[in-house]
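Novice: Pasting a structure here, questions to come.
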Amino acid sequence: MAQKKSSAKNLTVVKAKKTAKPKKNLDLPKVDWREFSPSPVIGVDEVGRGCLAGPVYAAAVIFDSEDLQDLVTDSKLLSEERREELALLIKEKHKVGIGSASVEEIDELNILQASLLAMKRAIEALGVKSGHVLVDGNQKIPNLPGYEQTTVIKGDLRVAPISAASIVAKVTRDNLMKEMGVKYPVYGFEGHKGYSTPVHKQSIVEHGPCEHHRKSFAGVKEYLR
């Protein structure tokens, strides 16, 4: 048990022998977040990396109890209505921090570094100075002194606090994009949330990018005036 608590190594899936089965059939084991130390254990995830428009958002969650841990999962597997319900409950029952990186920061830093920055800001918003951060993916967050970090592949599916963070981050960003859709109706942000859909790409061709589009991204930079 002690070695599990002190370990900050990446949790990755052992490579399986080559088979004809698709990756989605791999049975990824759940990770017990309660085995990590020092406390508090913080789950963090981001949303919006693959979008053509809008900021990237992140949320960090500390479970104050075991409430909801059996209900949360990867936000992409939940309906919009269910995500919104759970996001409210997560913020009501647990400690939540939210961070973002702007379109300008994305264009300046690149999307990976901007995503890591958003996660760092979400953790800082919790108001705690130390703990063990469980990060979705395979990249640790730079410039985060005082914290242990463990990366977890498919963490939003396997680690309850990361699942909760993915839900809060997505609902927060989706609501922002809905507001943006009212302000910029020709782009349909309220529907595709800034992702690279045919409708979104065609709107850029017809109207050109707006101030909220990522100017360094293919699909946008070609149409800058």
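Residue numbers start at 1 in each chain; chains themselves are named A, B, ... in the order of the structure tokens; ligands are numbered from 1 in the order shown.
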For the contact check between region 133-200 of chain A and region 110-124 of chain A, emit one row per residue of region 133-200 of chain A within 8 Å, containing the shortest atom pair and the distance in Å rounded to one decimal, counting only C-alpha atoms, chain then rising number order, as CSV.

Specialist:
```
residue,atom,partner,partner_atom,distance
A:Lys140,CA,A:Leu116,CA,7.9
A:Ile141,CA,A:Leu116,CA,5.6
A:Pro142,CA,A:Leu116,CA,7.4
A:Leu144,CA,A:Lys120,CA,7.0
```

Novice: Can you list, as a PyMOL selection string, every protein, DNA or RNA residue that comes within 6 Å of Val61 (chain A) when you count only C-alpha atoms, leaving out same-chain residues fewer than 2 positions away?

Specialist: chain A and resi 42-43+95-96+161+165

Novice: Convert the current residue selection to file output with C-alpha atoms, as a PDB file, in the first residue's frame.

Specialist:
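The new file selection18.pdb reads:
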```
ATOM      1  CA  ILE A  42      -7.279  16.271  -6.899  1.00  0.00           C
ATOM      2  CA  GLY A  43      -8.766  15.110 -10.188  1.00  0.00           C
ATOM      3  CA  LYS A  95     -14.661  21.331  -3.847  1.00  0.00           C
ATOM      4  CA  VAL A  96     -14.302  22.583  -7.440  1.00  0.00           C
ATOM      5  CA  PRO A 161     -12.515  12.777  -9.374  1.00  0.00           C
ATOM      6  CA  ALA A 165     -13.731  17.319 -13.390  1.00  0.00           C
TER       7      ALA A 165
END
```

Novice: Please indicate the distance in Å from CA of Val135 (chain A) to CA of Leu86 (chain A), rounded to one decimal place.

Specialist: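 Taking CA of Val135 (chain A) and CA of Leu86 (chain A), their separation equals 20.3 Å.
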
Novice: Using DSSP on the backbone coordinates, identify all residues within region 59-188 of chain A classified as helix (DSSP H, G or I); present the result as a PyMOL selection string.

Specialist: chain A and resi 75-77+80-93+103-109+111-124+155-158+160-183+185-187

Novice: Find the residues near Phe63 (chain A): any atom within 10 Å, counting only C-alpha atoms, skip ones fewer than 3 places away on the same chain, and give them as JSON, numbers by chain.

Specialist: {"A": [33, 34, 40, 41, 42, 43, 66, 67, 68, 69, 90, 93, 94, 95, 96, 160, 161, 164]}

Novice: Of the candidates A:Gly50, A:Pro29, A:Gly155, A:Gly97, which shows the shortest atom-to-atom distance to Ala218 (chain A), using only C-alpha atoms?

Specialist: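 Smallest distance to Ala218 (chain A) is found for A:Gly50.
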
Novice: As a PyMOL selection string, please: the residues near Ser216 (chain A) (cut-off 8 Å, only C-alpha atoms, same-chain neighbours under 4 positions excluded).

Specialist: chain A and resi 107+220-221
